[in-house]
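Raw contents of input.txt, compact mmCIF, C-alpha atoms and all ligand atoms:
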```
# COMPACT_ATOMS: atom_id res chain seq x y z
CA MET A 1 -31.83 0.84 1.97
CA ALA A 2 -28.87 0.86 -0.37
CA THR A 3 -29.00 2.71 -3.67
CA LYS A 4 -26.85 2.69 -6.82
CA ASN A 5 -25.29 5.95 -5.62
CA ASP A 6 -24.17 4.21 -2.45
CA ALA A 7 -22.27 1.63 -4.50
CA THR A 8 -20.55 4.37 -6.52
CA TRP A 9 -19.69 6.32 -3.36
CA LEU A 10 -18.28 3.23 -1.65
CA GLU A 11 -16.23 2.20 -4.66
CA ARG A 12 -14.67 5.68 -4.83
CA LYS A 13 -14.00 5.82 -1.07
CA LEU A 14 -12.43 2.36 -0.92
CA THR A 15 -10.38 2.94 -4.08
CA GLU A 16 -8.97 6.16 -2.60
CA LEU A 17 -8.18 4.30 0.61
CA CYS A 18 -6.54 1.31 -1.11
CA PRO A 19 -4.65 2.33 -4.26
CA ASN A 20 -2.87 -1.04 -4.56
CA ILE A 21 -5.94 -3.20 -5.03
CA THR A 22 -8.86 -3.26 -7.46
CA ILE A 23 -12.20 -2.61 -5.81
CA THR A 24 -15.70 -3.01 -7.19
CA VAL A 25 -18.94 -2.34 -5.34
CA THR A 26 -22.34 -3.49 -6.65
CA ARG A 27 -25.82 -4.32 -5.37
CA ASP A 28 -27.24 -7.82 -5.36
CA ALA A 29 -30.85 -8.81 -6.12
CA GLN A 30 -31.83 -8.12 -2.50
CA ASN A 31 -30.34 -4.62 -2.77
CA ASN A 32 -27.42 -5.47 -0.44
CA LEU A 33 -24.10 -3.76 -1.07
CA VAL A 34 -21.38 -6.16 -2.23
CA ALA A 35 -17.78 -4.92 -2.09
CA SER A 36 -14.93 -6.94 -3.64
CA GLY A 37 -11.20 -6.26 -3.46
CA ALA A 38 -8.64 -8.10 -5.57
CA SER A 39 -4.90 -8.08 -6.19
CA THR A 40 -2.14 -10.48 -7.19
CA LEU A 41 -2.15 -11.74 -3.58
CA GLY A 42 -5.81 -12.71 -3.48
CA SER A 43 -9.28 -11.27 -3.06
CA PHE A 44 -12.24 -11.09 -0.75
CA THR A 45 -15.84 -9.97 -0.81
CA GLU A 46 -17.98 -8.36 1.88
CA ARG A 47 -21.79 -8.00 1.89
CA SER A 48 -23.70 -5.43 3.88
CA ALA A 49 -26.27 -8.10 4.78
CA ASP A 50 -23.58 -10.12 6.58
CA LEU A 51 -22.35 -7.17 8.64
CA ASP A 52 -25.65 -5.99 10.14
CA VAL A 53 -25.27 -2.38 8.97
CA ASP A 54 -27.92 0.05 7.77
CA SER A 55 -26.02 2.81 5.95
CA ARG A 56 -23.19 3.10 3.44
CA GLU A 57 -21.09 4.90 6.11
CA GLU A 58 -21.54 2.00 8.51
CA PHE A 59 -20.69 -0.49 5.78
CA TYR A 60 -17.58 1.51 4.89
CA SER A 61 -16.45 1.57 8.54
CA ALA A 62 -17.09 -2.14 8.86
CA VAL A 63 -15.12 -3.24 5.79
CA ARG A 64 -12.31 -0.68 5.45
CA GLY A 65 -10.00 -2.69 7.74
CA TYR A 66 -10.28 -5.82 5.60
CA PHE A 67 -9.44 -3.90 2.46
CA LEU A 68 -6.59 -1.96 4.07
CA ASP A 69 -4.99 -5.25 5.13
CA LEU A 70 -5.05 -6.57 1.58
CA ASP A 71 -3.78 -3.22 0.29
CA ASP A 72 -0.85 -3.21 2.76
CA ASP A 73 0.06 -6.81 1.96
CA THR A 74 -0.07 -6.05 -1.76
CA ALA A 75 2.19 -3.01 -1.39
CA ARG A 76 4.68 -5.01 0.69
CA GLY A 77 4.59 -7.84 -1.79
CA ALA A 78 5.39 -5.49 -4.67
CA VAL A 79 8.32 -3.91 -2.83
CA LYS A 80 9.70 -7.25 -1.74
CA ALA A 81 9.66 -8.47 -5.32
CA ALA A 82 11.65 -5.40 -6.36
CA VAL A 83 14.47 -5.77 -3.81
CA PRO A 84 17.74 -6.52 -5.58
CA GLU A 85 19.95 -9.43 -4.63
CA LEU A 86 22.02 -7.71 -1.93
CA PRO A 87 25.80 -7.96 -2.40
CA TYR A 88 26.31 -8.40 1.36
CA PRO A 89 25.74 -11.50 3.50
CA SER A 90 22.17 -11.40 4.76
CA LEU A 91 20.10 -12.90 7.54
CA GLN A 92 16.76 -14.67 7.09
CA LEU A 93 13.70 -12.54 7.82
CA THR A 94 11.49 -13.97 10.53
CA GLY A 95 8.13 -12.94 9.08
CA GLN A 96 7.61 -10.87 12.26
CA GLU A 97 9.83 -7.95 11.31
CA PRO A 98 9.19 -4.42 12.59
CA ALA A 99 8.09 -1.58 10.31
CA GLY A 100 10.50 1.32 9.84
CA THR A 101 9.73 4.77 11.21
CA THR A 102 10.08 8.22 9.66
CA SER A 103 10.79 11.70 10.93
CA PRO A 104 10.49 14.89 8.85
CA ASP A 105 13.71 16.66 7.94
CA ASP A 106 12.47 20.25 7.58
CA GLU A 107 15.82 21.45 6.24
CA ASN A 108 15.95 19.09 3.28
CA GLY A 109 12.24 18.55 2.75
CA VAL A 110 12.47 14.78 2.99
CA ASP A 111 11.78 12.29 5.73
CA TYR A 112 14.54 10.52 7.61
CA ILE A 113 14.05 6.80 7.95
CA GLY A 114 14.78 5.09 11.24
CA CYS A 115 14.85 1.46 12.25
CA GLY A 116 11.67 0.10 13.79
CA ALA A 117 13.34 -2.56 15.93
CA THR A 118 12.89 -1.90 19.65
CA GLU A 119 16.61 -2.10 20.37
CA CYS A 120 17.38 0.47 17.64
CA ALA A 121 14.42 2.86 17.93
CA GLY A 122 15.24 6.52 18.23
CA ASP A 123 18.82 6.08 17.13
CA TRP A 124 18.56 7.00 13.42
CA ASP A 125 22.05 5.62 12.80
CA VAL A 126 21.66 4.43 9.22
CA SER A 127 23.45 4.07 5.88
CA TYR A 128 22.08 4.20 2.34
CA LEU A 129 22.02 1.65 -0.44
CA ALA A 130 21.58 2.59 -4.09
CA ALA A 131 18.81 0.99 -6.15
CA ASP A 132 21.12 -1.92 -7.05
CA GLY A 133 21.65 -2.82 -3.37
CA TYR A 134 25.25 -1.55 -3.05
CA LEU A 135 26.19 1.13 -0.54
CA TRP A 136 26.11 4.54 -2.17
CA ASP A 137 29.43 5.51 -3.63
CA SER A 138 29.90 8.79 -5.46
CA ARG A 139 32.77 7.24 -7.45
CA ARG A 140 30.52 4.52 -8.81
CA ILE A 141 27.13 6.18 -9.20
CA ASP A 142 26.41 9.23 -11.29
CA ALA A 143 24.83 12.25 -9.66
CA ALA A 144 21.37 11.68 -11.14
CA GLU A 145 21.19 8.19 -9.74
CA GLU A 146 22.63 9.22 -6.41
CA ASN A 147 19.97 11.91 -6.08
CA ASP A 148 17.19 9.46 -6.87
CA VAL A 149 16.83 8.67 -3.19
CA LEU A 150 13.40 7.10 -3.50
CA ALA A 151 14.84 4.26 -5.61
CA GLY A 152 17.27 3.18 -2.89
CA TYR A 153 17.17 1.66 0.58
CA THR A 154 18.01 2.62 4.14
CA VAL A 155 20.02 0.19 6.30
CA CYS A 156 20.07 0.23 10.10
CA ASN A 157 23.73 0.22 11.12
CA HIS A 158 22.94 -1.70 14.31
CA CYS A 159 20.78 -4.60 13.18
CA GLY A 160 21.11 -4.47 9.37
CA ARG A 161 17.40 -4.23 8.61
CA VAL A 162 16.76 -2.77 5.17
CA TYR A 163 13.85 -0.40 4.43
CA PRO A 164 12.77 0.82 0.98
CA ASN A 165 13.06 4.60 0.64
CA ALA A 166 10.08 4.54 -1.73
CA HIS A 167 7.84 3.98 1.28
CA ARG A 168 9.01 6.98 3.26
CA TYR A 169 5.89 8.97 2.36
CA GLN A 170 3.41 6.10 2.35
CA GLY A 171 3.76 3.92 5.41
CA PRO A 172 3.96 1.32 6.72
CA MET A 173 7.59 0.82 5.78
CA PRO A 174 8.33 -2.90 5.58
CA THR A 175 11.61 -4.60 6.45
CA VAL A 176 12.54 -6.09 3.07
CA ALA A 177 15.92 -7.65 3.92
CA ARG A 178 18.43 -7.85 6.73
CA ILE A 179 22.17 -7.51 6.21
CA ASP A 180 24.50 -9.40 8.57
CA VAL A 181 26.37 -6.39 9.94
CA THR A 182 29.00 -8.54 11.67
CA THR A 183 30.66 -9.84 8.49
CA ASP A 184 33.97 -8.57 7.09
CA THR A 185 32.30 -8.01 3.71
CA TRP A 186 29.86 -5.51 5.19
CA LEU A 187 32.26 -3.88 7.67
CA ASP A 188 34.86 -3.31 4.94
CA ALA A 189 32.24 -1.81 2.62
CA LEU A 190 30.78 0.38 5.39
CA ASP A 191 34.26 1.62 6.30
CA LEU A 192 34.79 2.78 2.71
CA TYR A 193 31.29 4.29 2.54
CA ASN A 194 31.87 6.31 5.73
CA HIS A 195 35.27 7.42 4.48
CA ARG A 196 33.99 8.62 1.10
CA THR A 197 30.73 10.08 2.42
CA PHE A 198 31.80 11.60 5.74
CA ALA A 199 35.62 11.69 5.37
CA THR A 200 36.07 9.45 8.40
CA PRO A 201 39.47 7.73 8.77
CA LEU A 202 39.63 4.22 7.33
CA THR A 203 39.84 1.64 10.09
CA ARG A 204 39.61 -1.71 8.31
CA PRO A 205 42.90 -3.42 7.33
CA ALA A 206 41.43 -4.38 3.94
CA ASN A 207 41.04 -0.68 3.11
CA GLN A 208 44.49 0.52 4.13
CA LYS A 209 45.66 0.78 0.51
CA GLU A 210 43.01 3.51 0.03
CA GLN A 211 44.87 5.83 2.42
ZN ZN A 301 17.92 -1.72 13.62
```

What is this file in structure tokens?
Ligand SMILES: [Zn+2]
Amino acid sequence: MATKNDATWLERKLTELCPNITITVTRDAQNNLVASGASTLGSFTERSADLDVDSREEFYSAVRGYFLDLDDDTARGAVKAAVPELPYPSLQLTGQEPAGTTSPDDENGVDYIGCGATECAGDWDVSYLAADGYLWDSRRIDAAEENDVLAGYTVCNHCGRVYPNAHRYQGPMPTVARIDVTTDTWLDALDLYNHRTFATPLTRPANQKEQ
């Protein structure tokens, strides 16, 4: 039989689990637990009576997946809304994009971001965009902004998928855009980026005047 304490316990557990949505848990007149989750993307309600469970732990196990889904969608929606208009030609997202992957970098205390696409997995060949969507450039961006890595994005050099650095500690990491890495605009910009960041020789004709 559910008690008021069970509702309080469930509300705390679900709120800890799903920080991006608003959760309330109450009891109805028949003493059933009623859990509701809501965000800008929608809401849903689950009742213990409908799930054939006897304890608050069973109810929590039964509903946590529903709430996590809404929480993930809400987090992705918020990031997507924050993506700047990229200054490079981009491809349409399919709606079936992979999630990015991370690997701890013990030396620098941050996580590397890698592409989640099957054909790119394990490669970790990426470049970095600043918060405004342009490739990082120490001549353009001041040191404080350049060091604010969580505000920027990681781009897979192979397929152009863009992942928000802000999600590197709180997966899943959504694909929020995809740059067309075959265009002159991108290849010229990447050539300059590699030159200024890693001192590689310039290879693109458009950049020869930089030599
Ligand atoms: Zn990729």

Pick out the closest residue to ligand ZN 301 (chain A) from this set: A:Gly116, A:Gly95, A:Pro174, A:Gly133. Count all atoms listed in the file.
-> A:Gly116

Go through the chains and note each residue within 12 Å of ligand ZN 301 (chain A), using all atoms listed in the file, then give the set as a PDB file with C-alpha atoms, keeping the file's coordinate frame.
```
ATOM      1  CA  GLU A  97       9.830  -7.950  11.310  1.00  0.00           C
ATOM      2  CA  PRO A  98       9.190  -4.420  12.590  1.00  0.00           C
ATOM      3  CA  ALA A  99       8.090  -1.580  10.310  1.00  0.00           C
ATOM      4  CA  GLY A 100      10.500   1.320   9.840  1.00  0.00           C
ATOM      5  CA  THR A 101       9.730   4.770  11.210  1.00  0.00           C
ATOM      6  CA  ILE A 113      14.050   6.800   7.950  1.00  0.00           C
ATOM      7  CA  GLY A 114      14.780   5.090  11.240  1.00  0.00           C
ATOM      8  CA  CYS A 115      14.850   1.460  12.250  1.00  0.00           C
ATOM      9  CA  GLY A 116      11.670   0.100  13.790  1.00  0.00           C
ATOM     10  CA  ALA A 117      13.340  -2.560  15.930  1.00  0.00           C
ATOM     11  CA  THR A 118      12.890  -1.900  19.650  1.00  0.00           C
ATOM     12  CA  GLU A 119      16.610  -2.100  20.370  1.00  0.00           C
ATOM     13  CA  CYS A 120      17.380   0.470  17.640  1.00  0.00           C
ATOM     14  CA  ALA A 121      14.420   2.860  17.930  1.00  0.00           C
ATOM     15  CA  GLY A 122      15.240   6.520  18.230  1.00  0.00           C
ATOM     16  CA  ASP A 123      18.820   6.080  17.130  1.00  0.00           C
ATOM     17  CA  TRP A 124      18.560   7.000  13.420  1.00  0.00           C
ATOM     18  CA  ASP A 125      22.050   5.620  12.800  1.00  0.00           C
ATOM     19  CA  VAL A 126      21.660   4.430   9.220  1.00  0.00           C
ATOM     20  CA  SER A 127      23.450   4.070   5.880  1.00  0.00           C
ATOM     21  CA  THR A 154      18.010   2.620   4.140  1.00  0.00           C
ATOM     22  CA  VAL A 155      20.020   0.190   6.300  1.00  0.00           C
ATOM     23  CA  CYS A 156      20.070   0.230  10.100  1.00  0.00           C
ATOM     24  CA  ASN A 157      23.730   0.220  11.120  1.00  0.00           C
ATOM     25  CA  HIS A 158      22.940  -1.700  14.310  1.00  0.00           C
ATOM     26  CA  CYS A 159      20.780  -4.600  13.180  1.00  0.00           C
ATOM     27  CA  GLY A 160      21.110  -4.470   9.370  1.00  0.00           C
ATOM     28  CA  ARG A 161      17.400  -4.230   8.610  1.00  0.00           C
ATOM     29  CA  VAL A 162      16.760  -2.770   5.170  1.00  0.00           C
ATOM     30  CA  TYR A 163      13.850  -0.400   4.430  1.00  0.00           C
ATOM     31  CA  THR A 175      11.610  -4.600   6.450  1.00  0.00           C
ATOM     32  CA  ALA A 177      15.920  -7.650   3.920  1.00  0.00           C
ATOM     33  CA  ARG A 178      18.430  -7.850   6.730  1.00  0.00           C
ATOM     34  CA  ILE A 179      22.170  -7.510   6.210  1.00  0.00           C
ATOM     35  CA  ASP A 180      24.500  -9.400   8.570  1.00  0.00           C
ATOM     36  CA  VAL A 181      26.370  -6.390   9.940  1.00  0.00           C
TER      37      VAL A 181
END
```

Of the residues A:Asn31, A:Asn207, A:Thr8, A:Thr40, which is the one nearest to A:Arg76, using all atoms listed in the file?
->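 Using all atoms listed in the file, the shortest distance to A:Arg76 belongs to A:Thr40.
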
Tell me which of A:Asn165, A:Thr45, A:Thr183, A:Thr26 sits closest to A:Phe67, counting all atoms listed in the file.
->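 Nearest candidate to A:Phe67 out of A:Asn165, A:Thr45, A:Thr183, A:Thr26: A:Thr45.
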
Residues at most 10 Å from A:Leu187, counting all atoms listed in the file, excluding those fewer than 4 positions away in the same chain, as a VMD selection string?
-> chain A and resid 88 180 to 183 191 to 193 203 to 204 206

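The space between atom CA of A:Asp132 and atom CA of A:Leu93 spans 19.7 Å.
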
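Pairwise distance (atom CA of A:Pro164, atom CA of A:Ala82) equals 9.7 Å.
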
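The coordinates place atom CA of A:Ala35 at 10.5 Å from atom CA of A:Thr22.
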
Contacts of A:Arg64 at 10 Å (only C-alpha atoms; same-chain gap of 2+ positions) as a PDB file with C-alpha atoms, keeping the file's coordinate frame:
```pdb
ATOM      1  CA  LYS A  13     -14.000   5.820  -1.070  1.00  0.00           C
ATOM      2  CA  LEU A  14     -12.430   2.360  -0.920  1.00  0.00           C
ATOM      3  CA  LEU A  17      -8.180   4.300   0.610  1.00  0.00           C
ATOM      4  CA  CYS A  18      -6.540   1.310  -1.110  1.00  0.00           C
ATOM      5  CA  PHE A  59     -20.690  -0.490   5.780  1.00  0.00           C
ATOM      6  CA  TYR A  60     -17.580   1.510   4.890  1.00  0.00           C
ATOM      7  CA  SER A  61     -16.450   1.570   8.540  1.00  0.00           C
ATOM      8  CA  ALA A  62     -17.090  -2.140   8.860  1.00  0.00           C
ATOM      9  CA  TYR A  66     -10.280  -5.820   5.600  1.00  0.00           C
ATOM     10  CA  PHE A  67      -9.440  -3.900   2.460  1.00  0.00           C
ATOM     11  CA  LEU A  68      -6.590  -1.960   4.070  1.00  0.00           C
ATOM     12  CA  ASP A  69      -4.990  -5.250   5.130  1.00  0.00           C
TER      13      ASP A  69
END
```

Distance criterion (only C-alpha atoms): nearest to A:Thr102 out of A:Arg47, A:Ala78, A:Leu135, A:His167 | A:His167

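With distances taken over only C-alpha atoms, A:Asp72 is the one residue among A:Asp6, A:Asp50, A:Asp72, A:Asp137 lying closest to A:Pro19.
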